[in-house]
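Enquirer: What follows is protein-v2.txt, made up of compact mmCIF, C-alpha atoms and all ligand atoms:
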```txt
# COMPACT_ATOMS: atom_id res chain seq x y z
CA MET D 836 54.79 109.99 95.37
CA ALA D 837 56.15 106.94 93.66
CA ASN D 838 58.66 108.46 91.31
CA LEU D 839 60.81 111.48 91.32
CA GLN D 840 59.96 112.55 87.84
CA LEU D 841 61.53 115.73 86.63
CA SER D 842 60.50 117.35 83.46
CA LEU D 843 63.43 119.26 82.16
CA GLN D 844 65.01 119.79 78.80
CA THR D 845 66.37 116.77 77.08
CA ASP D 846 69.61 116.49 75.24
CA GLY D 847 69.81 112.87 74.23
CA LYS D 848 73.14 111.30 74.85
CA THR D 849 75.96 113.38 76.12
CA THR D 850 78.63 114.40 73.70
CA PHE D 851 81.53 116.59 74.57
CA PRO D 852 82.34 119.28 72.07
CA PRO D 853 86.03 119.55 71.21
CA SER D 854 86.03 123.16 72.31
CA LEU D 855 83.54 125.13 74.28
CA THR D 856 80.84 126.93 72.45
CA PRO D 857 79.53 130.36 73.46
CA PRO D 858 77.20 130.29 76.43
CA VAL D 859 73.90 128.92 75.38
CA THR D 860 70.59 130.09 76.62
CA PRO D 861 69.14 127.16 78.50
CA ILE D 862 66.35 126.43 76.10
CA ALA D 863 64.80 123.07 75.46
CA LYS D 864 66.55 121.07 72.81
CA LYS D 865 66.19 117.51 71.66
CA SER D 866 69.75 116.67 70.80
CA GLY D 867 73.17 118.14 70.32
CA PRO D 868 75.93 119.07 72.71
CA VAL D 869 75.23 119.67 76.34
CA SER D 870 74.65 123.21 77.45
CA LEU D 871 77.32 124.91 79.48
CA LEU D 872 76.45 127.03 82.43
CA GLN D 873 78.60 129.82 83.81
CA ASN D 874 80.79 129.93 80.75
CA THR D 875 81.93 133.49 80.47
CA ASN D 876 84.92 133.06 78.20
CA THR D 877 84.01 131.53 74.89
CA ASP D 878 87.42 130.43 73.63
CA GLN D 879 88.81 128.45 76.48
CA ARG D 880 88.33 125.09 78.00
CA PRO D 881 87.22 125.06 81.62
CA SER D 882 89.96 126.27 83.93
CA LYS D 883 90.30 127.66 87.41
CA GLU D 884 89.83 131.19 86.09
CA ASN D 885 87.00 130.18 83.83
CA PRO D 886 85.06 127.43 85.53
CA CYS D 887 82.07 126.06 83.81
CA ILE D 888 79.83 123.20 84.51
CA LEU D 889 78.51 120.67 82.07
CA SER D 890 74.83 120.55 82.72
CA PHE D 891 72.58 117.53 82.49
CA THR D 892 69.19 118.37 81.12
CA ASP D 893 67.53 115.01 80.43
CA ASP D 894 64.59 113.85 82.46
CA LEU D 895 65.64 111.57 85.28
CA GLU D 896 63.73 108.98 87.21
CA ILE D 897 65.16 107.61 90.44
CA CYS D 898 64.74 103.79 90.45
CA ARG D 899 62.58 102.28 93.19
CA ASP D 900 62.57 98.80 94.71
CA SER D 901 59.53 96.62 95.37
CA ASN D 902 58.98 98.45 98.67
CA ASP D 903 58.97 101.77 96.83
CA ARG D 904 62.26 102.81 98.33
CA SER D 905 64.78 104.60 96.15
CA VAL D 906 67.62 102.34 95.05
CA GLU D 907 71.06 103.47 96.23
CA PHE D 908 74.48 102.58 94.87
CA GLY D 909 76.14 103.95 97.96
CA ARG D 910 76.57 106.91 100.19
CA GLY D 911 79.35 108.88 101.74
CA VAL D 912 79.75 111.77 104.12
CA TRP D 913 78.21 114.29 101.73
CA SER D 914 76.02 112.44 99.40
CA ILE D 915 73.68 109.67 98.44
CA VAL D 916 74.26 108.02 95.09
CA TYR D 917 70.95 106.89 93.59
CA LYS D 918 70.31 104.54 90.72
CA ALA D 919 68.35 106.42 88.09
CA ARG D 920 67.13 106.12 84.53
CA SER D 921 66.79 108.71 81.89
CA ALA D 922 63.11 109.08 81.17
CA PRO D 923 61.67 110.00 77.81
CA ALA D 924 61.00 113.71 77.64
CA LYS D 925 57.46 114.89 78.13
CA THR D 926 55.86 116.93 75.42
CA ALA D 927 53.77 119.97 76.19
CA LEU D 928 50.78 117.65 76.56
CA GLY D 929 52.56 115.64 79.20
CA THR D 930 53.01 112.49 77.15
CA PRO D 931 56.33 111.14 75.99
CA PRO D 932 57.05 111.63 72.29
CA SER D 933 56.45 108.44 70.34
CA SER D 934 59.63 108.74 68.29
CA PRO D 935 62.56 108.57 68.18
CA VAL D 936 62.60 105.67 70.57
CA THR D 937 65.28 106.23 73.18
CA VAL D 938 66.64 103.41 75.26
CA ALA D 939 66.68 104.39 78.90
CA GLN D 940 70.23 104.61 80.22
CA VAL D 941 71.14 103.73 83.79
CA PHE D 942 72.84 106.52 85.69
CA ALA D 943 74.30 107.05 89.13
CA VAL D 944 73.02 110.33 90.53
CA LYS D 945 75.10 111.79 93.32
CA ALA D 946 72.81 114.04 95.33
CA PRO D 947 73.52 116.03 98.49
CA LEU D 948 72.81 114.31 101.80
CA ARG D 949 72.85 117.56 103.72
CA ARG D 950 72.24 121.18 102.81
CA ASP D 951 75.86 122.12 103.41
CA ALA D 952 76.92 119.51 100.85
CA ARG D 953 75.62 121.62 97.96
CA PRO D 954 78.73 123.77 97.52
CA VAL D 955 80.86 120.62 97.76
CA LEU D 956 78.91 118.98 94.93
CA LYS D 957 79.00 122.14 92.85
CA ALA D 958 82.77 122.30 93.24
CA GLU D 959 82.97 118.62 92.30
CA ALA D 960 80.92 119.35 89.18
CA ILE D 961 83.44 122.01 88.14
CA THR D 962 86.31 119.58 88.71
CA LEU D 963 84.57 116.77 86.82
CA THR D 964 83.81 119.10 83.91
CA ARG D 965 87.46 120.06 83.65
CA LEU D 966 88.64 116.45 83.94
CA THR D 967 86.13 115.38 81.30
CA TYR D 968 87.78 117.78 78.84
CA THR D 969 91.19 116.29 79.55
CA PRO D 970 92.37 113.73 76.98
CA GLY D 971 92.53 110.20 78.37
CA HIS D 972 89.80 110.74 80.95
CA GLU D 973 87.76 107.85 79.56
CA HIS D 974 90.28 105.33 80.92
CA HIS D 975 90.70 106.79 84.39
CA ILE D 976 87.64 108.57 85.76
CA VAL D 977 83.96 107.82 85.98
CA PRO D 978 82.06 109.08 82.90
CA TYR D 979 80.40 112.34 83.87
CA HIS D 980 77.23 113.45 82.09
CA GLY D 981 76.63 116.77 83.80
CA PHE D 982 75.24 118.66 86.74
CA HIS D 983 71.51 118.44 87.37
CA ALA D 984 70.70 121.92 88.60
CA GLU D 985 67.31 121.09 90.07
CA LEU D 986 68.55 118.13 92.10
CA CYS D 987 71.91 119.80 92.72
CA ALA D 988 73.31 116.42 91.70
CA LEU D 989 76.05 114.94 89.57
CA VAL D 990 74.95 112.56 86.83
CA LEU D 991 77.43 109.74 86.23
CA THR D 992 77.46 106.47 84.34
CA ALA D 993 76.41 103.74 86.74
CA ILE D 994 79.28 101.39 87.51
CA PRO D 995 77.94 98.96 90.08
CA LEU D 996 81.22 97.36 91.24
CA SER D 997 83.57 99.23 93.59
CA LEU D 998 87.14 98.16 94.33
CA SER D 999 86.13 97.75 97.99
CA THR D 1000 83.42 95.22 97.08
CA TYR D 1001 85.83 93.45 94.73
CA ILE D 1002 88.45 93.18 97.50
CA GLU D 1003 85.86 91.73 99.89
CA GLU D 1004 84.70 89.22 97.29
CA GLN D 1005 88.24 88.12 96.49
CA SER D 1006 89.01 87.86 100.18
CA ASP D 1007 85.98 85.58 100.66
CA ILE D 1008 87.06 83.37 97.76
CA ALA D 1009 90.60 83.16 99.18
CA ARG D 1010 89.29 82.29 102.64
CA ASN D 1011 87.34 79.34 101.28
CA ARG D 1012 90.14 78.07 99.02
CA LYS D 1013 91.28 74.58 99.96
CA PRO D 1014 94.10 73.95 100.47
CA ALA D 1015 94.99 77.53 101.43
CA THR D 1016 98.71 77.04 101.96
CA PRO D 1017 99.97 77.16 98.33
CA THR D 1018 98.54 80.66 97.80
CA MET D 1019 99.07 82.18 101.25
CA PHE D 1020 101.99 84.32 100.05
CA ASP D 1021 100.01 85.75 97.13
CA PRO D 1022 97.65 88.71 96.99
CA VAL D 1023 94.10 87.42 97.52
CA GLN D 1024 93.12 87.85 93.88
CA GLY D 1025 96.25 86.07 92.63
CA PRO D 1026 99.60 87.61 91.63
CA VAL D 1027 99.05 88.13 87.90
CA SER D 1028 95.67 89.78 88.32
CA TYR D 1029 96.99 91.90 91.21
CA GLN D 1030 99.94 93.18 89.21
CA ALA D 1031 97.65 94.19 86.36
CA LEU D 1032 95.34 96.00 88.81
CA ALA D 1033 98.30 97.78 90.43
CA ARG D 1034 99.65 98.91 87.05
CA LYS D 1035 96.27 100.28 86.01
CA LEU D 1036 95.71 102.09 89.31
CA ILE D 1037 99.16 103.68 89.26
CA SER D 1038 98.71 104.75 85.62
CA GLY D 1039 95.44 106.35 86.65
CA LEU D 1040 97.16 108.30 89.40
CA ASP D 1041 99.88 109.39 86.98
CA TRP D 1042 97.17 110.65 84.62
CA LEU D 1043 95.47 112.60 87.42
CA HIS D 1044 98.69 114.23 88.59
CA ASN D 1045 100.60 114.76 85.38
CA THR D 1046 97.98 115.07 82.65
CA ALA D 1047 94.97 116.48 84.48
CA GLY D 1048 97.04 118.37 87.05
CA VAL D 1049 94.96 117.55 90.11
CA VAL D 1050 95.37 115.84 93.46
CA HIS D 1051 92.45 113.49 94.10
CA GLY D 1052 92.56 114.00 97.86
CA ASP D 1053 90.54 110.97 99.03
CA ILE D 1054 91.87 107.82 97.38
CA LYS D 1055 90.60 104.61 98.95
CA PRO D 1056 88.94 101.40 97.70
CA GLN D 1057 85.43 102.90 98.11
CA ASN D 1058 86.32 105.73 95.73
CA ILE D 1059 87.50 103.49 92.90
CA LEU D 1060 84.99 101.75 90.62
CA LEU D 1061 85.71 98.80 88.36
CA ARG D 1062 84.29 98.84 84.85
CA ALA D 1063 84.30 95.48 83.13
CA THR D 1064 86.38 95.26 79.96
CA GLU D 1065 86.47 92.50 77.40
CA ASP D 1066 90.01 92.76 76.18
CA ASP D 1067 92.15 92.01 79.23
CA GLY D 1068 92.23 88.54 80.66
CA GLU D 1069 94.62 89.32 83.54
CA PHE D 1070 92.39 91.82 85.26
CA PRO D 1071 89.28 92.35 83.17
CA TYR D 1072 88.33 95.74 84.62
CA GLU D 1073 89.31 99.35 84.20
CA PRO D 1074 89.66 101.01 87.60
CA LEU D 1075 88.04 104.45 87.50
CA PHE D 1076 88.39 107.16 90.12
CA VAL D 1077 85.21 108.66 91.59
CA ASP D 1078 84.50 111.17 94.34
CA PHE D 1079 86.32 114.37 93.54
CA SER D 1080 84.90 116.14 96.57
CA ALA D 1081 88.35 116.72 98.09
CA THR D 1082 90.18 117.32 94.81
CA VAL D 1083 92.55 120.27 94.44
CA GLU D 1084 94.51 121.56 91.51
CA ILE D 1085 98.27 121.19 91.56
CA PRO D 1086 99.58 124.77 91.41
CA GLN D 1087 101.63 125.55 88.29
CA ASP D 1088 103.91 127.75 90.32
CA GLU D 1089 105.44 126.11 93.38
CA ASN D 1090 105.17 129.34 95.35
CA GLU D 1091 101.48 129.69 94.69
CA PRO D 1092 99.49 129.04 97.86
CA LEU D 1093 97.58 125.78 97.87
CA ASP D 1094 93.83 125.83 97.69
CA THR D 1095 92.90 124.55 101.13
CA THR D 1096 89.19 125.33 101.05
CA ARG D 1097 88.16 121.89 99.77
CA ALA D 1098 90.55 119.98 102.00
CA SER D 1099 88.98 121.39 105.12
CA MET D 1100 85.60 120.16 103.90
CA SER D 1101 86.74 116.65 103.15
CA SER D 1102 86.57 113.60 105.30
CA PHE D 1103 89.59 111.64 106.39
CA THR D 1104 89.66 107.88 106.29
CA PRO D 1105 92.45 106.20 108.15
CA PRO D 1106 94.37 104.08 107.22
CA PHE D 1107 94.24 105.48 103.69
CA THR D 1108 95.05 109.04 104.69
CA ALA D 1109 98.73 109.98 104.64
CA PRO D 1110 100.19 110.38 108.15
CA GLU D 1111 101.18 114.01 107.59
CA MET D 1112 97.54 114.80 106.85
CA LEU D 1113 96.40 113.13 110.08
CA ALA D 1114 99.06 114.93 112.07
CA SER D 1115 97.62 118.23 110.95
CA LEU D 1116 93.94 117.44 111.32
CA THR D 1117 93.46 120.42 113.54
CA CYS D 1118 95.26 122.63 111.06
CA THR D 1119 92.91 123.70 108.29
CA GLU D 1120 95.83 124.92 106.20
CA MET D 1121 96.72 121.40 105.15
CA ALA D 1122 95.77 120.49 101.60
CA PRO D 1123 96.28 117.06 100.05
CA THR D 1124 99.35 116.83 97.84
CA PRO D 1125 100.51 114.49 95.08
CA ALA D 1126 102.58 112.73 97.77
CA SER D 1127 99.57 112.21 100.04
CA ASP D 1128 97.68 110.70 97.07
CA VAL D 1129 100.63 108.35 96.47
CA PHE D 1130 100.41 107.21 100.09
CA SER D 1131 96.66 106.65 99.85
CA LEU D 1132 96.98 104.57 96.70
CA ALA D 1133 99.78 102.53 98.30
CA ALA D 1134 97.52 101.81 101.30
CA THR D 1135 94.77 100.85 98.83
CA LEU D 1136 97.20 98.44 97.15
CA LEU D 1137 98.01 96.88 100.52
CA ALA D 1138 94.30 96.44 101.27
CA ALA D 1139 93.86 94.78 97.89
CA ALA D 1140 96.79 92.42 98.53
CA THR D 1141 95.66 91.35 102.00
CA GLY D 1142 91.93 91.40 101.33
CA ASP D 1143 91.50 93.44 104.49
CA LEU D 1144 89.73 96.74 103.85
CA LEU D 1145 90.51 98.10 107.29
CA LEU D 1146 94.12 96.91 107.10
CA TYR D 1147 94.31 96.50 110.87
CA SER D 1148 90.90 94.97 111.38
CA ASN D 1149 91.62 93.36 114.72
CA MET D 1150 92.26 96.75 116.34
CA ASN D 1151 89.79 99.13 117.89
CA HIS D 1152 89.14 102.48 116.28
CA ARG D 1153 91.46 104.46 118.54
CA LEU D 1154 94.37 102.09 117.97
CA ARG D 1155 93.77 102.13 114.23
CA LEU D 1156 93.96 105.90 114.24
CA GLU D 1157 97.21 105.73 116.23
CA MET D 1158 98.63 103.30 113.68
CA ALA D 1159 97.48 105.43 110.78
CA ARG D 1160 99.34 108.37 112.32
CA ALA D 1161 102.44 106.21 112.10
CA GLY D 1162 101.51 105.36 108.52
CA HIS D 1163 105.08 105.04 107.25
CA GLN D 1164 105.17 101.76 109.21
CA ILE D 1165 102.11 100.49 107.35
CA ILE D 1166 103.94 97.55 105.75
CA ASP D 1167 105.21 96.30 109.13
CA PHE D 1168 101.75 96.72 110.67
CA THR D 1169 100.18 94.81 107.80
CA ARG D 1170 102.76 92.08 108.05
CA SER D 1171 102.02 91.50 111.70
CA GLY D 1172 98.30 91.25 110.92
CA MET D 1173 96.27 88.21 109.99
CA ASN D 1174 97.06 88.36 106.29
CA GLY D 1175 100.66 89.52 106.64
CA SER D 1176 101.93 86.51 104.73
CA ARG D 1177 100.45 88.02 101.58
CA VAL D 1178 103.08 90.80 101.68
CA PRO D 1179 106.32 88.80 101.60
CA ARG D 1180 109.68 90.55 101.90
CA ASN D 1181 111.00 91.71 98.52
CA GLY D 1182 107.88 90.50 96.78
CA PHE D 1183 105.99 92.58 94.22
CA VAL D 1184 103.64 94.11 96.78
CA GLU D 1185 106.40 95.30 99.06
CA ARG D 1186 108.48 96.57 96.16
CA ILE D 1187 105.73 98.84 94.86
CA VAL D 1188 104.32 99.91 98.23
CA LYS D 1189 107.55 100.66 100.11
CA PRO D 1190 108.75 103.74 98.17
CA ALA D 1191 105.20 105.11 98.23
CA VAL D 1192 104.78 105.19 102.01
CA VAL D 1193 108.07 106.72 103.21
CA LYS D 1194 107.58 109.15 106.05
CA ASP D 1195 108.87 112.31 104.39
CA PRO D 1196 106.35 113.19 101.67
CA ALA D 1197 109.11 114.87 99.65
CA MET D 1198 110.94 111.54 99.45
CA ARG D 1199 107.96 109.50 98.28
CA ILE D 1200 108.05 108.14 94.76
CA PRO D 1201 106.28 110.44 92.26
CA ALA D 1202 103.49 108.85 90.22
CA ALA D 1203 105.47 108.95 86.95
CA ASP D 1204 108.37 106.95 88.44
CA TRP D 1205 105.90 104.66 90.14
CA VAL D 1206 104.45 103.68 86.76
CA THR D 1207 107.92 102.54 85.67
CA LEU D 1208 108.51 100.65 88.91
CA ALA D 1209 105.20 98.80 88.63
CA SER D 1210 105.79 97.82 85.01
CA VAL D 1211 108.91 95.73 85.68
N1 LIG E 1 79.01 106.13 89.13
C1 LIG E 1 78.72 105.32 90.16
N2 LIG E 1 78.14 104.11 89.94
C2 LIG E 1 77.87 103.28 90.97
N3 LIG E 1 78.14 103.57 92.26
C3 LIG E 1 78.71 104.75 92.54
C4 LIG E 1 79.03 105.70 91.52
N4 LIG E 1 79.59 106.78 92.09
C5 LIG E 1 79.63 106.52 93.41
N5 LIG E 1 79.11 105.32 93.70
C6 LIG E 1 78.99 104.68 95.02
O1 LIG E 1 78.53 105.65 95.97
C7 LIG E 1 79.50 105.83 97.02
C8 LIG E 1 79.53 107.29 97.43
O2 LIG E 1 79.92 108.09 96.33
P1 LIG E 1 81.08 109.17 96.49
O3 LIG E 1 81.23 109.90 95.20
O4 LIG E 1 82.29 108.49 97.02
O5 LIG E 1 80.41 110.13 97.59
P2 LIG E 1 81.01 110.84 98.91
O6 LIG E 1 81.71 112.07 98.42
O7 LIG E 1 79.81 111.17 99.71
O8 LIG E 1 81.95 109.85 99.56
C9 LIG E 1 80.82 105.32 96.44
O9 LIG E 1 81.68 104.84 97.43
C10 LIG E 1 80.35 104.20 95.50
O10 LIG E 1 80.16 103.00 96.24
MG MG E 2 83.47 108.64 98.68
```
Would you mind writing the file out in structure tokens?
Expert:
Amino acid sequence: MANLQLSLQTDGKTTFPPSLTPPVTPIAKKSGPVSLLQNTNTDQRPSKENPCILSFTDDLEICRDSNDRSVEFGRGVWSIVYKARSAPAKTALGTPPSSPVTVAQVFAVKAPLRRDARPVLKAEAITLTRLTYTPGHEHHIVPYHGFHAELCALVLTAIPLSLSTYIEEQSDIARNRKPATPTMFDPVQGPVSYQALARKLISGLDWLHNTAGVVHGDIKPQNILLRATEDDGEFPYEPLFVDFSATVEIPQDENEPLDTTRASMSSFTPPFTAPEMLASLTCTEMAPTPASDVFSLAATLLAAATGDLLLYSNMNHRLRLEMARAGHQIIDFTRSGMNGSRVPRNGFVERIVKPAVVKDPAMRIPAADWVTLASV
């Protein structure tokens, strides 16, 4: 079969109602707000007690290359992310309606790679629904269009550039720059652009922690996408967080037990995982915290500065894991690596990374203070 063509209801473009409407019977509709599944309480926005999932009901067509293989944007431990287009809805006769003419939109469809990934994706859909109702989301997280029940997949706006690819590209450019010496103490992308990126990333983390009230749980360059903007010459992208498969809510009450169910399902990626998380890998009680997110973003900022996605690329896997376990020494490790000159003492990179990687998570800079630090 050439195309995965699914005939479902269509709802035109996604709009998010200011407040949730009563549960709707999933009937075919041509336009209007998305339908909400599992919404039992009609007056509230999605919350832990009242989770609901935005559903995506347009027809979707997975894009295929010239060899008839499905086009992928990427994949992770749990999922494959396909490139897809919204297809015009079929009428009862099986032909697309002639009007109104809808322009096909390109989506990224995150589908399960394994059967046991389904509950993970469902949980991510609940998280994304809640985040999408949180003011300011449009600047910090990937636009979410809904959960495709039949595919058990998340439908997202396609954003083809990840921070990891950007870092690799900038690293390549820096490597070929002649002469190299004048810029060897700068982040690979240049200091002004780097500072703008750092400020945007840290603001995004502050939004996640202090506005949305969640811990991302798996921050790394592969889980940050860059959306091109027109209005900022310094760093003409908006960094958007993706992959909320390890996300947990920050408990309102400090004594409330942490939700550790998602953490135990998540994958760990040294060197971006905080050392306290690696130390407790065998302990399933460990959930990511705001402080472990801060560490992960700091490691991401170091990778961006050096252009080295693995941070200690000249090491074997076992040694890298050992070094990640001693993550509070990450600046020293980086400095002794090939691109260590790009993290000069007392420079901008060290100043923003240092307070974010201290060993005791309780002593790490909170995201709100980090925003202030990065802005000066
Ligand atoms: N909206 C998107 N547009 C383009 N590429 C995406 C999008 N979402 C994810 N990707 C790509 O797919 C990869 C895997 O997606 P992710 O959500 O991180 O899945 P996993 O939970 O399996 O790691 C990402 O690292 C990124 O490269
Ligand atoms: Mg991922």
Enquirer: List all protein, DNA and RNA residues that have an atom no more than 6 Å from any atom of ligand MG 2 (chain E), counting all atoms listed in the file, and report them as a PDB file with C-alpha atoms, in the frame of the given file.
Expert:
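Resulting contents of out.pdb:
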```
ATOM      1  CA  GLY D 911      79.350 108.880 101.740  1.00  0.00           C
ATOM      2  CA  ASN D1058      86.320 105.730  95.730  1.00  0.00           C
ATOM      3  CA  ASP D1078      84.500 111.170  94.340  1.00  0.00           C
TER       4      ASP D1078
END
```
Enquirer: Tell me which protein, DNA and RNA residues are within 10 Å of Met1173 (chain D), counting only C-alpha atoms, leaving out same-chain ones fewer than 6 positions away, and put them as a list in words.
Expert: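 Once the adjacent positions are removed, what remains is Thr1141, Asp1143, Leu1146, Tyr1147, Ser1148 and Asn1149 of chain D.
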Enquirer: Using all atoms listed in the file, find each protein or nucleic acid residue lying at most 9 Å from ligand LIG 1 (chain E); present the set as a PyMOL selection string.
Expert: chain D and resi 907-918+942-948+952+955-956+977-979+990-1000+1053+1056-1060+1077-1081+1101-1102
Enquirer: What are the centre and edge lengths in Å, to one decimal, of the axis-aligned box around all listed atoms of region 1145-1154 of chain D with 5 Å added on each side, as lines of an AutoDock Vina configuration file?
Expert:
```
center_x = 91.8
center_y = 98.9
center_z = 112.8
size_x = 15.2
size_y = 21.1
size_z = 21.4
```
Enquirer: Work out how far apart CA of Ala1015 (chain D) and CA of Ala1138 (chain D) are and give it in Å to one decimal.
Expert: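 About the pair CA of Ala1015 (chain D) and CA of Ala1138 (chain D): they are 18.9 Å apart.
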Enquirer: Which value, in Å to one decimal, gives the distance between CA of Pro1071 (chain D) and CA of Ser1006 (chain D)?
Expert: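 Result for CA of Pro1071 (chain D) versus CA of Ser1006 (chain D): 17.6 Å, one decimal.
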Enquirer: Work out how far apart CA of Glu959 (chain D) and CA of Gly981 (chain D) are and give it in Å to one decimal.
Expert: 10.8 Å
Enquirer: Within 12 Å of (93.6, 111.4, 84.7), in the coordinates the file gives, what residues turn up when you count all atoms listed in the file, written out as a PyMOL selection string?
Expert: chain D and resi 962-963+965-978+1035-1051+1074-1077+1079+1202
Enquirer: Between D:Asp893, D:Asp903, D:Asp951, D:Asp1021, which is the closest to Gly1175 (chain D) once you count all atoms listed in the file?
Expert: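 Counting all atoms listed in the file, the residue closest to Gly1175 (chain D) is D:Asp1021.
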Enquirer: Neighbouring residues of Asp1167 (chain D) were defined as those with any atom within 12 Å, considering all atoms listed in the file; residues of the same chain fewer than 3 positions away were excluded. Please report them as a PyMOL selection string.
Expert: chain D and resi 1137+1146-1147+1158+1161-1164+1170-1172+1174-1176+1178-1180+1185+1188-1189+1192
Enquirer: Kindly export the residues of the current selection with C-alpha atoms, as an mmCIF file, in the coordinates of the input.
Expert:
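Writing the result to result.cif gives the following:
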```cif
data_model
loop_
_atom_site.group_PDB
_atom_site.id
_atom_site.type_symbol
_atom_site.label_atom_id
_atom_site.label_comp_id
_atom_site.auth_asym_id
_atom_site.auth_seq_id
_atom_site.Cartn_x
_atom_site.Cartn_y
_atom_site.Cartn_z
ATOM 1 C CA LEU D 1137 98.010 96.880 100.520
ATOM 2 C CA LEU D 1146 94.120 96.910 107.100
ATOM 3 C CA TYR D 1147 94.310 96.500 110.870
ATOM 4 C CA MET D 1158 98.630 103.300 113.680
ATOM 5 C CA ALA D 1161 102.440 106.210 112.100
ATOM 6 C CA GLY D 1162 101.510 105.360 108.520
ATOM 7 C CA HIS D 1163 105.080 105.040 107.250
ATOM 8 C CA GLN D 1164 105.170 101.760 109.210
ATOM 9 C CA ARG D 1170 102.760 92.080 108.050
ATOM 10 C CA SER D 1171 102.020 91.500 111.700
ATOM 11 C CA GLY D 1172 98.300 91.250 110.920
ATOM 12 C CA ASN D 1174 97.060 88.360 106.290
ATOM 13 C CA GLY D 1175 100.660 89.520 106.640
ATOM 14 C CA SER D 1176 101.930 86.510 104.730
ATOM 15 C CA VAL D 1178 103.080 90.800 101.680
ATOM 16 C CA PRO D 1179 106.320 88.800 101.600
ATOM 17 C CA ARG D 1180 109.680 90.550 101.900
ATOM 18 C CA GLU D 1185 106.400 95.300 99.060
ATOM 19 C CA VAL D 1188 104.320 99.910 98.230
ATOM 20 C CA LYS D 1189 107.550 100.660 100.110
ATOM 21 C CA VAL D 1192 104.780 105.190 102.010
#
```
Enquirer: Measuring between only C-alpha atoms, which one of D:Gly1182, D:Ala1031, D:Ile897, D:Ala984 shows the shortest distance to Tyr1072 (chain D)?
Expert: D:Ala1031
Enquirer: Need the shell around Ile1008 (chain D): protein/DNA/RNA residues with any atom at most 9 Å away, counting all atoms listed in the file. Skip same-chain ones fewer than 5 positions apart. Format as an mmCIF file with C-alpha atoms, keeping the file's coordinate frame?
Expert:
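File produced: part_18.cif:
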```cif
data_model
loop_
_atom_site.group_PDB
_atom_site.id
_atom_site.type_symbol
_atom_site.label_atom_id
_atom_site.label_comp_id
_atom_site.auth_asym_id
_atom_site.auth_seq_id
_atom_site.Cartn_x
_atom_site.Cartn_y
_atom_site.Cartn_z
ATOM 1 C CA GLU D 1003 85.860 91.730 99.890
ATOM 2 C CA VAL D 1023 94.100 87.420 97.520
ATOM 3 C CA GLN D 1024 93.120 87.850 93.880
#
```
Enquirer: Using only C-alpha atoms, which of the listed residues (D:Asp1088, D:Ala922, D:Pro1026, D:Phe1183) sits closest to Leu895 (chain D)?
Expert: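 Nearest to Leu895 (chain D): D:Ala922.
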